[in-house]
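Here the structure is laid out as structure tokens; the discussion comes afterwards.
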Amino acid sequence: MARPGIAAQVYSVREAAEKDFAKTMAALKECGYEGVELAGLYGLKPEEVRDCLKEQGLTAVSAHVGLDLFLEDMEGTVSAYHTIGCSYIGIPWLPKERHYGGEKFEETCGFLKKLSAACAERGMTLLYHNHNFEFEKTEKGTYLLDEFFDAFDEREMQTEQDTCWVNVGGEDPVAYLKQYAGRCPVVHVKDFRRTDGQVELVALGQGEQDVPAIARAAVECGARWLIVEQDDHPYGEPMENMRISCRCLKEIQL
């Protein structure tokens, strides 16, 4: 199996990216990242983002794009990220009303199937990125997240498992990756520790996660990219934490 690429979710360094996107991309490249997952365009045109990433030698792996943007202009939004060169579009989250049992579940599934088709026409794949609340049980004893994925053909919706929130949600990240083997091309590798019952995000290797086991399971299950995402940085500086995390992944024998 080919070793997956290592990319950074730009949300992890969003304040720096908002101030100077090009400088921030250069810093991520210097950290050792091969690609990025976008979280917004930071006031730039799609062509400007594309050219900046190309100049830095970074792959535009994917982008987190809120559902509202697609509801406002599906074709235009999909085209923008196609212009940048993204291979994947990730829906970063959905409110409970759009999950199984919610009043907008069927409507949401119908729209996402159309969105998936629009992505596929441009050679892109639609993903869904989980949090921990989707591991609440339904009346059937299943997880909201599993019911969501069951509503789609694998070609219509792939997983983007956030392994931190899988763990916090009560599941073993390795086992959950294996449950969706062949359906997890992009995996978020994120570490955390619990302090007084609160989840605190930390650089990879500094928390509770078995990062080597998770990375190896991701590869076994077909991951093409491992994405480092650290939403907040209660310890250390954002870019230094991203450097530590990249080094951690590169030191794992995959």
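By order in the structure tokens, chains are A, B, ...; within a chain, residues start at 1; ligands start at 1, following the order shown.
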
Please, which residues of range 113-226 of chain A, numbered as in this document, come out alpha helix (DSSP H) from DSSP, as a VMD selection string? chain A and resid 113 to 121 144 to 150 163 to 168 173 to 179 211 to 220

For the selection you just gave me, I'd like the residues written to a file as a PDB file, in the first residue's frame, keeping C-alpha atoms.
ATOM      1  CA  LYS A 113     -27.179  13.343  -3.381  1.00  0.00           C
ATOM      2  CA  LYS A 114     -27.525  16.145  -5.929  1.00  0.00           C
ATOM      3  CA  LEU A 115     -24.429  17.831  -4.536  1.00  0.00           C
ATOM      4  CA  SER A 116     -22.507  14.570  -4.752  1.00  0.00           C
ATOM      5  CA  ALA A 117     -23.464  14.237  -8.416  1.00  0.00           C
ATOM      6  CA  ALA A 118     -22.331  17.810  -9.106  1.00  0.00           C
ATOM      7  CA  CYS A 119     -18.989  17.045  -7.442  1.00  0.00           C
ATOM      8  CA  ALA A 120     -18.603  13.783  -9.366  1.00  0.00           C
ATOM      9  CA  GLU A 121     -19.165  15.572 -12.676  1.00  0.00           C
ATOM     10  CA  LEU A 144     -26.808   8.919  14.189  1.00  0.00           C
ATOM     11  CA  LEU A 145     -23.619   8.853  12.135  1.00  0.00           C
ATOM     12  CA  ASP A 146     -24.145   5.293  10.913  1.00  0.00           C
ATOM     13  CA  GLU A 147     -27.738   6.051   9.957  1.00  0.00           C
ATOM     14  CA  PHE A 148     -26.492   9.060   8.027  1.00  0.00           C
ATOM     15  CA  PHE A 149     -23.938   7.079   6.032  1.00  0.00           C
ATOM     16  CA  ASP A 150     -26.417   4.257   5.479  1.00  0.00           C
ATOM     17  CA  THR A 163     -10.568  10.251  14.983  1.00  0.00           C
ATOM     18  CA  CYS A 164     -10.522  12.547  18.019  1.00  0.00           C
ATOM     19  CA  TRP A 165     -14.290  12.963  18.035  1.00  0.00           C
ATOM     20  CA  VAL A 166     -14.785   9.273  17.309  1.00  0.00           C
ATOM     21  CA  ASN A 167     -12.877   8.545  20.531  1.00  0.00           C
ATOM     22  CA  VAL A 168     -14.673  11.238  22.524  1.00  0.00           C
ATOM     23  CA  PRO A 173     -10.956   5.033  16.324  1.00  0.00           C
ATOM     24  CA  VAL A 174      -9.104   2.020  14.912  1.00  0.00           C
ATOM     25  CA  ALA A 175     -12.184  -0.205  14.996  1.00  0.00           C
ATOM     26  CA  TYR A 176     -14.377   2.529  13.547  1.00  0.00           C
ATOM     27  CA  LEU A 177     -12.007   3.082  10.649  1.00  0.00           C
ATOM     28  CA  LYS A 178     -12.109  -0.639   9.937  1.00  0.00           C
ATOM     29  CA  GLN A 179     -15.908  -0.554   9.998  1.00  0.00           C
ATOM     30  CA  VAL A 211      -1.550   7.890  16.839  1.00  0.00           C
ATOM     31  CA  PRO A 212       0.603   5.142  15.242  1.00  0.00           C
ATOM     32  CA  ALA A 213      -2.249   2.618  15.458  1.00  0.00           C
ATOM     33  CA  ILE A 214      -4.725   5.111  14.012  1.00  0.00           C
ATOM     34  CA  ALA A 215      -2.419   6.079  11.151  1.00  0.00           C
ATOM     35  CA  ARG A 216      -1.727   2.449  10.281  1.00  0.00           C
ATOM     36  CA  ALA A 217      -5.422   1.566  10.397  1.00  0.00           C
ATOM     37  CA  ALA A 218      -6.200   4.511   8.132  1.00  0.00           C
ATOM     38  CA  VAL A 219      -3.688   3.220   5.577  1.00  0.00           C
ATOM     39  CA  GLU A 220      -5.100  -0.306   5.793  1.00  0.00           C
TER      40      GLU A 220
END

Run DSSP on the backbone and give me the residues of range 1-170 of chain A it puts in strand (DSSP E), as a PDB file with N, CA, C and O atoms, in the first residue's frame.
ATOM      1  N   GLY A   5      -0.486  10.807   1.754  1.00  0.00           N
ATOM      2  CA  GLY A   5       0.059  12.142   1.917  1.00  0.00           C
ATOM      3  C   GLY A   5      -0.342  12.709   3.273  1.00  0.00           C
ATOM      4  O   GLY A   5      -1.300  12.248   3.903  1.00  0.00           O
ATOM      5  N   ILE A   6       0.382  13.704   3.722  1.00  0.00           N
ATOM      6  CA  ILE A   6       0.093  14.370   4.989  1.00  0.00           C
ATOM      7  C   ILE A   6      -0.266  15.824   4.692  1.00  0.00           C
ATOM      8  O   ILE A   6       0.513  16.553   4.068  1.00  0.00           O
ATOM      9  N   ALA A   7      -1.440  16.222   5.120  1.00  0.00           N
ATOM     10  CA  ALA A   7      -1.927  17.571   4.841  1.00  0.00           C
ATOM     11  C   ALA A   7      -2.370  18.261   6.122  1.00  0.00           C
ATOM     12  O   ALA A   7      -2.624  17.619   7.143  1.00  0.00           O
ATOM     13  N   ALA A   8      -2.448  19.570   6.054  1.00  0.00           N
ATOM     14  CA  ALA A   8      -2.869  20.383   7.194  1.00  0.00           C
ATOM     15  C   ALA A   8      -4.235  20.988   6.922  1.00  0.00           C
ATOM     16  O   ALA A   8      -4.470  21.530   5.834  1.00  0.00           O
ATOM     17  N   GLN A   9      -5.119  20.895   7.897  1.00  0.00           N
ATOM     18  CA  GLN A   9      -6.383  21.618   7.825  1.00  0.00           C
ATOM     19  C   GLN A   9      -6.072  23.076   8.201  1.00  0.00           C
ATOM     20  O   GLN A   9      -5.606  23.375   9.288  1.00  0.00           O
ATOM     21  N   GLY A  35       0.186  18.877   1.525  1.00  0.00           N
ATOM     22  CA  GLY A  35      -1.063  19.422   1.022  1.00  0.00           C
ATOM     23  C   GLY A  35      -1.826  20.125   2.117  1.00  0.00           C
ATOM     24  O   GLY A  35      -1.405  20.158   3.284  1.00  0.00           O
ATOM     25  N   VAL A  36      -2.963  20.710   1.745  1.00  0.00           N
ATOM     26  CA  VAL A  36      -3.818  21.392   2.710  1.00  0.00           C
ATOM     27  C   VAL A  36      -5.275  21.039   2.453  1.00  0.00           C
ATOM     28  O   VAL A  36      -5.669  20.678   1.345  1.00  0.00           O
ATOM     29  N   GLU A  37      -6.040  21.172   3.523  1.00  0.00           N
ATOM     30  CA  GLU A  37      -7.495  21.132   3.430  1.00  0.00           C
ATOM     31  C   GLU A  37      -7.976  22.522   3.813  1.00  0.00           C
ATOM     32  O   GLU A  37      -7.687  23.004   4.912  1.00  0.00           O
ATOM     33  N   LEU A  38      -8.676  23.156   2.907  1.00  0.00           N
ATOM     34  CA  LEU A  38      -9.110  24.529   3.114  1.00  0.00           C
ATOM     35  C   LEU A  38     -10.311  24.611   4.049  1.00  0.00           C
ATOM     36  O   LEU A  38     -11.095  23.664   4.162  1.00  0.00           O
ATOM     37  N   THR A  59      -0.528  20.481  -2.404  1.00  0.00           N
ATOM     38  CA  THR A  59      -1.708  19.929  -3.067  1.00  0.00           C
ATOM     39  C   THR A  59      -2.967  20.451  -2.393  1.00  0.00           C
ATOM     40  O   THR A  59      -3.071  20.444  -1.162  1.00  0.00           O
ATOM     41  N   ALA A  60      -3.912  20.887  -3.202  1.00  0.00           N
ATOM     42  CA  ALA A  60      -5.226  21.260  -2.668  1.00  0.00           C
ATOM     43  C   ALA A  60      -6.032  19.970  -2.520  1.00  0.00           C
ATOM     44  O   ALA A  60      -6.740  19.550  -3.428  1.00  0.00           O
ATOM     45  N   VAL A  61      -5.886  19.342  -1.368  1.00  0.00           N
ATOM     46  CA  VAL A  61      -6.503  18.027  -1.157  1.00  0.00           C
ATOM     47  C   VAL A  61      -8.017  18.130  -1.117  1.00  0.00           C
ATOM     48  O   VAL A  61      -8.733  17.429  -1.834  1.00  0.00           O
ATOM     49  N   SER A  62      -8.493  19.001  -0.249  1.00  0.00           N
ATOM     50  CA  SER A  62      -9.926  19.056   0.010  1.00  0.00           C
ATOM     51  C   SER A  62     -10.282  20.404   0.611  1.00  0.00           C
ATOM     52  O   SER A  62      -9.422  21.259   0.826  1.00  0.00           O
ATOM     53  N   ALA A  63     -11.572  20.571   0.880  1.00  0.00           N
ATOM     54  CA  ALA A  63     -12.048  21.806   1.493  1.00  0.00           C
ATOM     55  C   ALA A  63     -13.266  21.494   2.340  1.00  0.00           C
ATOM     56  O   ALA A  63     -14.122  20.694   1.930  1.00  0.00           O
ATOM     57  N   HIS A  64     -13.324  22.109   3.506  1.00  0.00           N
ATOM     58  CA  HIS A  64     -14.532  22.060   4.319  1.00  0.00           C
ATOM     59  C   HIS A  64     -15.406  23.228   3.888  1.00  0.00           C
ATOM     60  O   HIS A  64     -14.971  24.392   3.933  1.00  0.00           O
ATOM     61  N   TYR A  88     -11.538  16.564  -3.034  1.00  0.00           N
ATOM     62  CA  TYR A  88     -12.613  16.220  -2.104  1.00  0.00           C
ATOM     63  C   TYR A  88     -13.266  17.492  -1.567  1.00  0.00           C
ATOM     64  O   TYR A  88     -12.607  18.509  -1.376  1.00  0.00           O
ATOM     65  N   ILE A  89     -14.571  17.379  -1.317  1.00  0.00           N
ATOM     66  CA  ILE A  89     -15.323  18.428  -0.637  1.00  0.00           C
ATOM     67  C   ILE A  89     -15.902  17.802   0.627  1.00  0.00           C
ATOM     68  O   ILE A  89     -16.596  16.777   0.563  1.00  0.00           O
ATOM     69  N   GLY A  90     -15.606  18.397   1.762  1.00  0.00           N
ATOM     70  CA  GLY A  90     -16.099  17.863   3.033  1.00  0.00           C
ATOM     71  C   GLY A  90     -17.176  18.752   3.640  1.00  0.00           C
ATOM     72  O   GLY A  90     -16.965  19.963   3.792  1.00  0.00           O
ATOM     73  N   ILE A  91     -18.316  18.175   3.941  1.00  0.00           N
ATOM     74  CA  ILE A  91     -19.324  18.889   4.723  1.00  0.00           C
ATOM     75  C   ILE A  91     -18.851  18.832   6.174  1.00  0.00           C
ATOM     76  O   ILE A  91     -18.747  17.744   6.756  1.00  0.00           O
ATOM     77  N   THR A 125     -15.003  14.183  -4.942  1.00  0.00           N
ATOM     78  CA  THR A 125     -15.746  13.258  -4.092  1.00  0.00           C
ATOM     79  C   THR A 125     -16.271  13.981  -2.864  1.00  0.00           C
ATOM     80  O   THR A 125     -15.544  14.760  -2.237  1.00  0.00           O
ATOM     81  N   LEU A 126     -17.518  13.713  -2.505  1.00  0.00           N
ATOM     82  CA  LEU A 126     -18.141  14.339  -1.339  1.00  0.00           C
ATOM     83  C   LEU A 126     -17.867  13.517  -0.088  1.00  0.00           C
ATOM     84  O   LEU A 126     -17.988  12.288  -0.094  1.00  0.00           O
ATOM     85  N   LEU A 127     -17.502  14.216   0.998  1.00  0.00           N
ATOM     86  CA  LEU A 127     -17.208  13.595   2.289  1.00  0.00           C
ATOM     87  C   LEU A 127     -18.084  14.206   3.373  1.00  0.00           C
ATOM     88  O   LEU A 127     -18.588  15.324   3.220  1.00  0.00           O
ATOM     89  N   TYR A 128     -18.224  13.485   4.483  1.00  0.00           N
ATOM     90  CA  TYR A 128     -18.844  14.077   5.671  1.00  0.00           C
ATOM     91  C   TYR A 128     -17.899  13.922   6.848  1.00  0.00           C
ATOM     92  O   TYR A 128     -17.407  12.827   7.132  1.00  0.00           O
ATOM     93  N   HIS A 129     -17.656  15.042   7.530  1.00  0.00           N
ATOM     94  CA  HIS A 129     -16.745  15.102   8.676  1.00  0.00           C
ATOM     95  C   HIS A 129     -17.555  15.104   9.971  1.00  0.00           C
ATOM     96  O   HIS A 129     -18.394  15.972  10.180  1.00  0.00           O
ATOM     97  N   GLN A 158     -18.575   9.578   1.042  1.00  0.00           N
ATOM     98  CA  GLN A 158     -17.477   8.901   1.719  1.00  0.00           C
ATOM     99  C   GLN A 158     -17.309   9.501   3.111  1.00  0.00           C
ATOM    100  O   GLN A 158     -17.810  10.592   3.392  1.00  0.00           O
ATOM    101  N   THR A 159     -16.615   8.805   3.970  1.00  0.00           N
ATOM    102  CA  THR A 159     -16.395   9.315   5.317  1.00  0.00           C
ATOM    103  C   THR A 159     -15.128  10.165   5.366  1.00  0.00           C
ATOM    104  O   THR A 159     -14.185   9.948   4.614  1.00  0.00           O
ATOM    105  N   GLU A 160     -15.143  11.142   6.263  1.00  0.00           N
ATOM    106  CA  GLU A 160     -13.932  11.849   6.652  1.00  0.00           C
ATOM    107  C   GLU A 160     -13.912  11.776   8.177  1.00  0.00           C
ATOM    108  O   GLU A 160     -14.361  12.688   8.871  1.00  0.00           O
TER     109      GLU A 160
END

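Minimum distance to Gly110 in chain A across A:Glu156, A:Gly197, A:Ser12, A:Met25 (counting only C-alpha atoms) occurs at A:Glu156.
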
Would you please work out which residue, of A:Gly205, A:Gly76, A:Gly222, A:Gly141, is nearest to Tyr180 in chain A when using only C-alpha atoms? A:Gly222

Near-Leu204 in chain A list (9 Å; only C-alpha atoms; drop same-chain fewer than 3 positions) as a PyMOL selection string: chain A and resi 189-192+207+209+211+228+241-242+244-249

Residues from the last selection, N, CA and C atoms, saved as a compact mmCIF listing (two decimals), in the first residue's frame:
# COMPACT_ATOMS: atom_id res chain seq x y z
N VAL A 189 -6.46 13.11 11.70
CA VAL A 189 -5.69 12.58 12.82
C VAL A 189 -5.53 13.72 13.82
N LYS A 190 -6.10 13.54 14.99
CA LYS A 190 -6.17 14.61 15.98
C LYS A 190 -5.98 14.01 17.37
N ASP A 191 -5.20 14.68 18.20
CA ASP A 191 -4.92 14.17 19.53
C ASP A 191 -5.56 15.08 20.58
N PHE A 192 -5.79 14.52 21.75
CA PHE A 192 -6.43 15.28 22.82
C PHE A 192 -6.10 14.67 24.17
N GLY A 207 -1.12 13.42 23.59
CA GLY A 207 -2.39 13.17 24.26
C GLY A 207 -2.71 11.70 24.42
N GLN A 209 -4.52 9.68 22.32
CA GLN A 209 -4.70 8.88 21.12
C GLN A 209 -3.47 7.99 20.83
N VAL A 211 -1.70 7.33 18.18
CA VAL A 211 -1.55 7.89 16.84
C VAL A 211 -0.97 6.88 15.85
N VAL A 228 -4.00 16.68 9.43
CA VAL A 228 -3.78 17.14 10.80
C VAL A 228 -4.69 18.34 11.04
N ASN A 241 2.84 23.68 16.92
CA ASN A 241 2.07 22.45 17.15
C ASN A 241 1.87 21.69 15.84
N MET A 242 1.63 22.42 14.76
CA MET A 242 1.46 21.77 13.46
C MET A 242 2.77 21.12 13.00
N ILE A 244 5.09 19.89 15.04
CA ILE A 244 5.25 18.70 15.89
C ILE A 244 4.38 17.56 15.36
N SER A 245 3.15 17.89 14.98
CA SER A 245 2.21 16.87 14.51
C SER A 245 2.67 16.25 13.19
N CYS A 246 3.17 17.08 12.29
CA CYS A 246 3.65 16.58 11.00
C CYS A 246 4.83 15.64 11.23
N ARG A 247 5.74 16.04 12.09
CA ARG A 247 6.90 15.20 12.37
C ARG A 247 6.48 13.87 12.99
N CYS A 248 5.49 13.93 13.87
CA CYS A 248 4.99 12.71 14.51
C CYS A 248 4.50 11.72 13.47
N LEU A 249 3.71 12.19 12.50
CA LEU A 249 3.19 11.29 11.48
C LEU A 249 4.28 10.74 10.58

Using only C-alpha atoms, the best pick from A:Gly236, A:Arg243, A:Tyr81, A:Glu15 as closest to Leu28 in chain A would be A:Arg243

So the first atom is CA of His131 in chain A and the second is CA of Ala80 in chain A; what is the distance between them in Å, to one decimal place? 25.9 Å
